file query-v2.csv (CSV, C-alpha atoms and all ligand atoms)
chain,number,residue,atom,x,y,z
V,9,MET,CA,-55.2,-92.1,87.2
V,10,LYS,CA,-55.7,-95.7,86.0
V,11,TRP,CA,-59.4,-96.7,85.5
V,12,TRP,CA,-59.1,-99.4,88.2
V,13,GLN,CA,-57.9,-96.9,90.7
V,14,GLY,CA,-61.2,-95.1,90.1
V,15,LEU,CA,-63.0,-98.4,91.0
V,16,TRP,CA,-61.1,-98.5,94.3
V,17,GLY,CA,-61.6,-94.9,95.1
V,18,ALA,CA,-65.4,-95.2,94.5
V,19,SER,CA,-65.7,-97.9,97.0
V,20,ASP,CA,-68.0,-97.4,100.0
V,21,ILE,CA,-66.6,-100.6,101.5
V,22,ALA,CA,-63.3,-99.8,103.1
V,23,ILE,CA,-60.5,-102.2,102.3
V,24,ALA,CA,-58.2,-103.0,105.2
V,25,PRO,CA,-55.0,-105.0,105.6
V,26,MET,CA,-55.8,-108.4,107.2
V,27,GLN,CA,-54.6,-109.2,110.7
V,28,ARG,CA,-54.1,-112.7,112.0
V,29,SER,CA,-57.2,-112.2,114.1
V,30,ASP,CA,-59.3,-112.0,110.8
V,31,ALA,CA,-58.4,-115.7,110.1
V,32,VAL,CA,-61.6,-117.1,111.7
V,33,GLU,CA,-63.9,-114.9,109.6
V,34,ALA,CA,-61.9,-115.6,106.5
V,35,SER,CA,-62.0,-119.3,107.0
V,36,ASP,CA,-65.8,-119.1,107.4
V,37,ILE,CA,-66.0,-117.5,104.0
V,38,HIS,CA,-63.4,-119.9,102.4
V,39,ARG,CA,-65.3,-123.0,103.8
V,40,VAL,CA,-68.5,-122.3,101.9
V,41,LEU,CA,-66.7,-121.5,98.6
V,42,PHE,CA,-64.0,-124.1,98.2
V,43,ALA,CA,-64.0,-127.9,98.1
V,44,ARG,CA,-60.7,-127.9,100.0
V,45,PRO,CA,-61.2,-125.0,102.5
V,46,TRP,CA,-58.4,-123.5,104.5
V,47,THR,CA,-58.8,-123.6,108.3
V,48,ASP,CA,-58.4,-120.5,110.4
V,49,GLY,CA,-55.1,-122.0,111.7
V,50,GLU,CA,-53.8,-122.3,108.1
V,51,ILE,CA,-54.9,-118.8,107.2
V,52,ALA,CA,-53.4,-117.4,110.5
V,53,ASP,CA,-50.1,-119.2,109.7
V,54,LEU,CA,-50.1,-117.8,106.2
V,55,LEU,CA,-50.6,-114.3,107.5
V,56,GLY,CA,-47.7,-114.9,109.9
V,57,THR,CA,-45.4,-115.9,107.0
V,58,ALA,CA,-42.9,-113.4,105.5
V,59,ASN,CA,-44.2,-111.8,102.3
V,60,VAL,CA,-47.7,-113.1,102.7
V,61,PHE,CA,-50.4,-110.6,103.5
V,62,GLY,CA,-54.1,-109.9,102.7
V,63,PHE,CA,-56.7,-107.3,102.3
V,64,ALA,CA,-60.2,-107.7,103.8
V,65,ALA,CA,-63.5,-105.9,102.9
V,66,PRO,CA,-65.5,-105.3,106.0
V,67,GLU,CA,-69.1,-104.1,105.9
V,68,ALA,CA,-69.7,-100.6,107.2
V,69,SER,CA,-69.5,-100.7,111.0
V,70,ALA,CA,-73.1,-99.5,111.2
V,71,ARG,CA,-74.0,-102.9,109.6
V,72,GLY,CA,-71.9,-104.9,112.0
V,73,GLY,CA,-68.5,-104.7,110.2
V,74,ALA,CA,-68.6,-108.4,109.2
V,75,MET,CA,-66.1,-109.4,106.5
V,76,THR,CA,-67.6,-109.5,103.0
V,77,GLY,CA,-64.6,-110.9,101.3
V,78,PHE,CA,-60.8,-111.1,101.4
V,79,VAL,CA,-57.8,-111.7,99.2
V,80,LEU,CA,-54.4,-113.3,100.2
V,81,LEU,CA,-51.3,-112.7,98.2
V,82,ARG,CA,-47.6,-113.5,98.4
V,83,THR,CA,-44.8,-111.5,97.0
V,84,ALA,CA,-41.4,-112.8,95.8
V,85,ALA,CA,-38.8,-110.5,94.2
V,86,ASP,CA,-40.8,-108.2,92.0
V,87,GLU,CA,-43.9,-110.5,91.6
V,88,ALA,CA,-47.0,-111.0,93.5
V,89,GLU,CA,-49.1,-114.2,93.5
V,90,ILE,CA,-52.8,-114.2,94.4
V,91,LEU,CA,-53.2,-117.2,96.8
V,92,THR,CA,-56.9,-116.9,97.1
V,93,ILE,CA,-59.8,-114.5,96.8
V,94,ALA,CA,-63.2,-115.1,98.2
V,95,VAL,CA,-66.4,-113.1,98.6
V,96,ARG,CA,-69.2,-114.2,100.8
V,97,PRO,CA,-72.0,-115.6,98.6
V,98,GLU,CA,-74.6,-113.0,99.6
V,99,TRP,CA,-72.1,-110.2,98.7
V,100,GLN,CA,-71.1,-111.6,95.3
V,101,GLY,CA,-71.9,-109.5,92.3
V,102,HIS,CA,-71.8,-106.2,94.3
V,103,GLY,CA,-68.3,-105.1,93.3
V,104,VAL,CA,-66.4,-106.5,96.4
V,105,GLY,CA,-64.1,-108.8,94.4
V,106,ALA,CA,-63.3,-106.0,91.9
V,107,ARG,CA,-62.5,-103.6,94.8
V,108,LEU,CA,-60.2,-106.2,96.5
V,109,MET,CA,-58.4,-106.8,93.2
V,110,ALA,CA,-58.1,-103.1,92.5
V,111,HIS,CA,-56.5,-102.7,95.9
V,112,VAL,CA,-54.0,-105.5,95.1
V,113,LEU,CA,-53.1,-103.8,91.8
V,114,ALA,CA,-52.8,-100.4,93.5
V,115,HIS,CA,-50.5,-102.1,96.1
V,116,ALA,CA,-48.4,-103.6,93.3
V,117,HIS,CA,-48.0,-100.2,91.7
V,118,ARG,CA,-47.0,-98.6,94.9
V,119,GLU,CA,-44.5,-101.3,95.6
V,120,ARG,CA,-43.2,-101.1,92.0
V,121,LEU,CA,-43.9,-104.8,91.4
V,122,ALA,CA,-43.5,-106.0,87.8
V,123,SER,CA,-46.4,-108.4,87.7
V,124,VAL,CA,-49.2,-110.1,89.5
V,125,PHE,CA,-49.9,-113.8,88.9
V,126,LEU,CA,-52.8,-116.1,89.7
V,127,GLU,CA,-54.4,-119.4,88.8
V,128,VAL,CA,-58.0,-119.9,88.0
V,129,GLY,CA,-60.0,-123.0,87.2
V,130,GLU,CA,-60.9,-122.9,83.6
V,131,THR,CA,-64.6,-123.4,84.4
V,132,ASN,CA,-64.6,-120.5,86.9
V,133,ALA,CA,-66.2,-118.0,84.5
V,134,ALA,CA,-67.0,-115.4,87.1
V,135,ALA,CA,-63.4,-115.2,88.4
V,136,ALA,CA,-61.9,-115.3,85.0
V,137,ALA,CA,-64.1,-112.5,83.8
V,138,LEU,CA,-63.1,-110.4,86.8
V,139,TYR,CA,-59.4,-110.9,86.1
V,140,ARG,CA,-59.8,-110.2,82.4
V,141,LYS,CA,-61.6,-107.0,83.2
V,142,LEU,CA,-58.7,-106.0,85.4
V,143,GLY,CA,-56.2,-106.6,82.6
V,144,PHE,CA,-55.0,-110.1,83.4
V,145,ALA,CA,-54.2,-112.3,80.4
V,146,VAL,CA,-53.7,-116.0,80.1
V,147,VAL,CA,-50.0,-116.9,80.0
V,148,GLY,CA,-50.2,-120.7,80.6
V,149,ASP,CA,-52.1,-123.5,82.0
V,150,ARG,CA,-51.8,-126.2,84.6
V,151,PRO,CA,-53.7,-129.6,84.5
V,152,GLU,CA,-55.0,-131.3,87.6
V,153,TYR,CA,-56.2,-128.3,89.5
V,154,TYR,CA,-59.0,-128.4,92.0
V,155,ARG,CA,-59.1,-125.3,94.1
V,156,GLY,CA,-62.7,-124.5,93.2
V,157,THR,CA,-66.0,-125.6,94.8
V,158,SER,CA,-65.9,-129.0,93.2
V,159,GLU,CA,-63.6,-131.9,94.0
V,160,THR,CA,-63.5,-132.6,90.3
V,161,ARG,CA,-60.0,-131.8,89.0
V,162,THR,CA,-60.0,-129.3,86.1
V,163,ARG,CA,-57.4,-127.4,84.1
V,164,ALA,CA,-56.3,-124.1,85.6
V,165,LEU,CA,-55.4,-121.1,83.6
V,166,VAL,CA,-52.3,-119.1,84.7
V,167,MET,CA,-53.0,-115.4,84.3
V,168,ARG,CA,-50.7,-112.5,84.6
V,169,HIS,CA,-51.2,-108.7,85.0
V,170,ASP,CA,-48.2,-106.7,83.9
V,171,VAL,CA,-47.9,-103.7,86.2
V,172,THR,CA,-47.3,-100.5,84.1
V,173,PRO,CA,-44.5,-98.5,85.7
V,174,VAL,CA,-45.6,-95.1,87.0
V,175,ARG,CA,-43.7,-92.4,85.1
V,176,LYS,CA,-42.3,-89.7,87.3
V,177,ALA,CA,-43.5,-86.2,86.5
V,178,ARG,CA,-40.7,-84.0,85.2
V,201,LIG,C1,-64.7,-114.6,91.9
V,201,LIG,C2,-65.3,-113.6,93.0
V,201,LIG,C3,-64.1,-113.3,93.9
V,201,LIG,C4,-65.8,-112.3,92.3
V,201,LIG,O1,-66.1,-111.4,93.4
V,201,LIG,P1,-67.5,-110.6,93.2
V,201,LIG,O2,-67.5,-109.6,94.4
V,201,LIG,O3,-68.7,-111.5,93.1
V,201,LIG,O4,-67.2,-109.8,91.8
V,201,LIG,P2,-67.7,-108.3,91.5
V,201,LIG,O5,-69.1,-108.1,91.9
V,201,LIG,O6,-66.7,-107.4,92.0
V,201,LIG,O7,-67.7,-108.4,89.9
V,201,LIG,C5,-66.6,-107.9,89.1
V,201,LIG,C6,-66.6,-108.5,87.7
V,201,LIG,O8,-66.4,-109.9,87.8
V,201,LIG,C7,-67.1,-110.5,86.8
V,201,LIG,N1,-68.2,-111.4,87.4
V,201,LIG,C8,-68.5,-111.4,88.7
V,201,LIG,N2,-69.5,-112.4,88.9
V,201,LIG,C9,-69.7,-112.9,87.6
V,201,LIG,C10,-70.6,-113.9,87.2
V,201,LIG,N3,-71.4,-114.6,88.0
V,201,LIG,N4,-70.5,-114.3,85.9
V,201,LIG,C11,-69.7,-113.6,85.0
V,201,LIG,N5,-68.9,-112.6,85.4
V,201,LIG,C12,-68.9,-112.3,86.7
V,201,LIG,C13,-67.7,-109.4,85.9
V,201,LIG,O9,-66.8,-109.0,85.0
V,201,LIG,C14,-67.9,-108.3,87.0
V,201,LIG,O10,-67.9,-107.0,86.4
V,201,LIG,P3,-69.3,-106.4,86.0
V,201,LIG,O11,-70.1,-106.4,87.3
V,201,LIG,O12,-69.0,-105.0,85.6
V,201,LIG,O13,-69.9,-107.2,85.0
V,201,LIG,C15,-66.4,-114.3,93.7
V,201,LIG,O14,-67.4,-114.7,92.8
V,201,LIG,C16,-66.1,-115.5,94.6
V,201,LIG,O15,-65.7,-115.4,95.7
V,201,LIG,N6,-66.2,-116.7,94.0
V,201,LIG,C17,-66.0,-118.0,94.7
V,201,LIG,C18,-64.5,-118.1,95.0
V,201,LIG,C19,-63.6,-118.1,93.8
V,201,LIG,O16,-63.9,-118.7,92.8
V,201,LIG,N7,-62.5,-117.4,93.9
V,201,LIG,C20,-61.5,-117.3,92.8
V,201,LIG,C21,-60.6,-118.4,92.8
V,201,LIG,S1,-59.4,-118.2,91.4
call {"tool": "encode", "arguments": {"input": "query-v2.csv", "output": "structure tokens", "more": "lines below"}}
Ligand SMILES: CC(C)(COP(=O)(O)OP(=O)(O)OC[C@H]1O[C@@H](n2cnc3c(N)ncnc32)[C@H](O)[C@@H]1OP(=O)(O)O)[C@@H](O)C(=O)NCCC(=O)NCCS
result
Amino acid sequence: MKWWQGLWGASDIAIAPMQRSDAVEASDIHRVLFARPWTDGEIADLLGTANVFGFAAPEASARGGAMTGFVLLRTAADEAEILTIAVRPEWQGHGVGARLMAHVLAHAHRERLASVFLEVGETNAAAAALYRKLGFAVVGDRPEYYRGTSETRTRALVMRHDVTPVRKAR
């Protein structure tokens, strides 16, 4: 078992595939975190697009089941691209982002994808640390990026996680 699969398995927050009906909650989270937030309509449209899907992390139903965070990704050929990941501010630092990303990597393994890509603003230390911890490495950069909380454009790092093929037992 990979170490990050242990992270996923240890989660007490169930991770569930996103439905289009999750778009309103997801946009509520996106709005407080990004200078250019995606509307619920945009998120619903994305979720209705071929090869785009997401995972959400709802609180335990005993606590109301509200969404704590979500991740959206798109697959093309044998690659996946993280479109966005967002954790509600009051839930940040509690392992939700790591669990969502571990779920993405487990999915990539199951689907036998070769790699997972993402872009992260170079000043976004928390996100970059999370990705590095999960085995992503910088493979390039892109100027004029402004997907973070600030309208200020910054350089983005392109990061890639190479998915290790699972060897079949003999
Ligand atoms: C980036 C984000 C998704 C991380 O989610 P999270 O649930 O807060 O992260 P976790 O609690 O799972 O932390 C996992 C790891 O990320 C890193 N990390 C998280 N917050 C950090 C911080 N404030 N500073 C430095 N590293 C941090 C650490 O390596 C941490 O591992 P550790 O707890 O063992 O040290 C979340 O902070 C977020 O939604 N940020 C705003 C939106 C955003 O920037 N999205 C990414 C765009 S590319």
call {"tool": "closest_residue", "arguments": {"input": "query-v2.csv", "among": "V:Val40, V:Ala68, V:Val95, V:Val32", "to": "ligand LIG 201 (chain V)", "atoms": "only C-alpha atoms and all ligand atoms"}}
result
V:Val95
call {"tool": "atom_distance", "arguments": {"input": "query-v2.csv", "atom1": "CA of Arg107 in chain V", "atom2": "CA of Pro151 in chain V"}}
result
29.3 Å
call {"tool": "closest_residue", "arguments": {"input": "query-v2.csv", "among": "V:Met167, V:Ala94, V:Ala137, V:Ala58", "to": "Phe42 in chain V", "atoms": "only C-alpha atoms"}}
result
V:Ala94
call {"tool": "closest_residue", "arguments": {"input": "query-v2.csv", "among": "V:Phe144, V:Tyr139, V:Tyr153, V:Phe125", "to": "ligand LIG 201 (chain V)", "atoms": "only C-alpha atoms and all ligand atoms"}}
result
V:Tyr139
call {"tool": "closest_residue", "arguments": {"input": "query-v2.csv", "among": "V:Leu55, V:Ala88, V:Ile21, V:Ala135", "to": "ligand LIG 201 (chain V)", "atoms": "only C-alpha atoms and all ligand atoms"}}
result
V:Ala135
call {"tool": "atom_distance", "arguments": {"input": "query-v2.csv", "atom1": "CA of Ala136 in chain V", "atom2": "CA of Arg44 in chain V"}}
result
19.6 Å
call {"tool": "residues_near_ligand", "arguments": {"input": "query-v2.csv", "ligand": "ligand LIG 201 (chain V)", "cutoff": "7 Å", "atoms": "all atoms listed in the file", "output": "list in words"}}
result
Leu41, Phe42, Thr92, Ile93, Ala94, Val95, Arg96, Pro97, Trp99, Gln100, Gly101, His102, Gly103, Val104, Gly105, Ala106, Arg107, Glu127, Val128, Gly129, Asn132, Ala133, Ala134, Ala135, Ala137, Leu138, Lys141 and Gly156 of chain V
call {"tool": "atom_distance", "arguments": {"input": "query-v2.csv", "atom1": "CA of Phe63 in chain V", "atom2": "CA of Val124 in chain V"}}
result
15.1 Å
call {"tool": "closest_residue", "arguments": {"input": "query-v2.csv", "among": "V:Ala116, V:Met75, V:Leu108, V:Ile51", "to": "Ile37 in chain V", "atoms": "all atoms listed in the file"}}
result
V:Met75
call {"tool": "closest_residue", "arguments": {"input": "query-v2.csv", "among": "V:Ala65, V:Ile23, V:Leu80, V:Val112", "to": "Trp46 in chain V", "atoms": "all atoms listed in the file"}}
result
V:Leu80
call {"tool": "axis_aligned_box", "arguments": {"input": "query-v2.csv", "around": "range 127-141 of chain V", "padding_each_side": "3 Å", "output": "AutoDock Vina command-line options"}}
result
--center_x -60.7 --center_y -115.2 --center_z 85.6 --size_x 18.6 --size_y 22.4 --size_z 12.4
call {"tool": "residues_around", "arguments": {"input": "query-v2.csv", "residues": "Ser123 in chain V", "least_positions_apart": "6", "cutoff": "7 Å", "atoms": "only C-alpha atoms", "output": "NGL selection string"}}
result
:V and (87-88 or 168-171)
call {"tool": "residues_around", "arguments": {"input": "query-v2.csv", "residues": "Ala31 in chain V", "least_positions_apart": "5", "cutoff": "12 Å", "atoms": "all atoms listed in the file", "output": "ChimeraX atom specification"}}
result
/V:26,36-39,46-56,61-64,75,77-80
call {"tool": "build_atoms", "arguments": {"input": "query-v2.csv", "residues": "range 98-110 of chain V", "atoms": "N, CA and C atoms", "output": "JSON list (two decimals), in the frame of the given file"}}
result
[["chain", "number", "residue", "atom", "x", "y", "z"],
["V", 98, "GLU", "N", -73.53, -114.01, 99.65],
["V", 98, "GLU", "CA", -74.60, -113.00, 99.60],
["V", 98, "GLU", "C", -74.04, -111.61, 99.16],
["V", 99, "TRP", "N", -72.70, -111.47, 99.14],
["V", 99, "TRP", "CA", -72.10, -110.20, 98.70],
["V", 99, "TRP", "C", -71.58, -110.31, 97.25],
["V", 100, "GLN", "N", -71.61, -111.50, 96.66],
["V", 100, "GLN", "CA", -71.10, -111.60, 95.30],
["V", 100, "GLN", "C", -71.91, -110.83, 94.31],
["V", 101, "GLY", "N", -71.25, -110.29, 93.32],
["V", 101, "GLY", "CA", -71.90, -109.50, 92.30],
["V", 101, "GLY", "C", -72.18, -108.06, 92.70],
["V", 102, "HIS", "N", -71.59, -107.62, 93.82],
["V", 102, "HIS", "CA", -71.80, -106.20, 94.30],
["V", 102, "HIS", "C", -70.48, -105.43, 94.24],
["V", 103, "GLY", "N", -69.50, -105.94, 93.52],
["V", 103, "GLY", "CA", -68.30, -105.10, 93.30],
["V", 103, "GLY", "C", -67.19, -105.36, 94.38],
["V", 104, "VAL", "N", -67.43, -106.26, 95.33],
["V", 104, "VAL", "CA", -66.40, -106.50, 96.40],
["V", 104, "VAL", "C", -65.14, -107.08, 95.79],
["V", 105, "GLY", "N", -65.30, -108.12, 94.96],
["V", 105, "GLY", "CA", -64.10, -108.80, 94.40],
["V", 105, "GLY", "C", -63.32, -107.78, 93.53],
["V", 106, "ALA", "N", -64.01, -106.96, 92.77],
["V", 106, "ALA", "CA", -63.30, -106.00, 91.90],
["V", 106, "ALA", "C", -62.55, -104.98, 92.81],
["V", 107, "ARG", "N", -63.16, -104.59, 93.92],
["V", 107, "ARG", "CA", -62.50, -103.60, 94.80],
["V", 107, "ARG", "C", -61.26, -104.24, 95.47],
["V", 108, "LEU", "N", -61.41, -105.50, 95.88],
["V", 108, "LEU", "CA", -60.20, -106.20, 96.50],
["V", 108, "LEU", "C", -59.11, -106.27, 95.48],
["V", 109, "MET", "N", -59.45, -106.68, 94.25],
["V", 109, "MET", "CA", -58.40, -106.80, 93.20],
["V", 109, "MET", "C", -57.81, -105.49, 92.84],
["V", 110, "ALA", "N", -58.65, -104.46, 92.78],
["V", 110, "ALA", "CA", -58.10, -103.10, 92.50],
["V", 110, "ALA", "C", -57.14, -102.69, 93.56]]
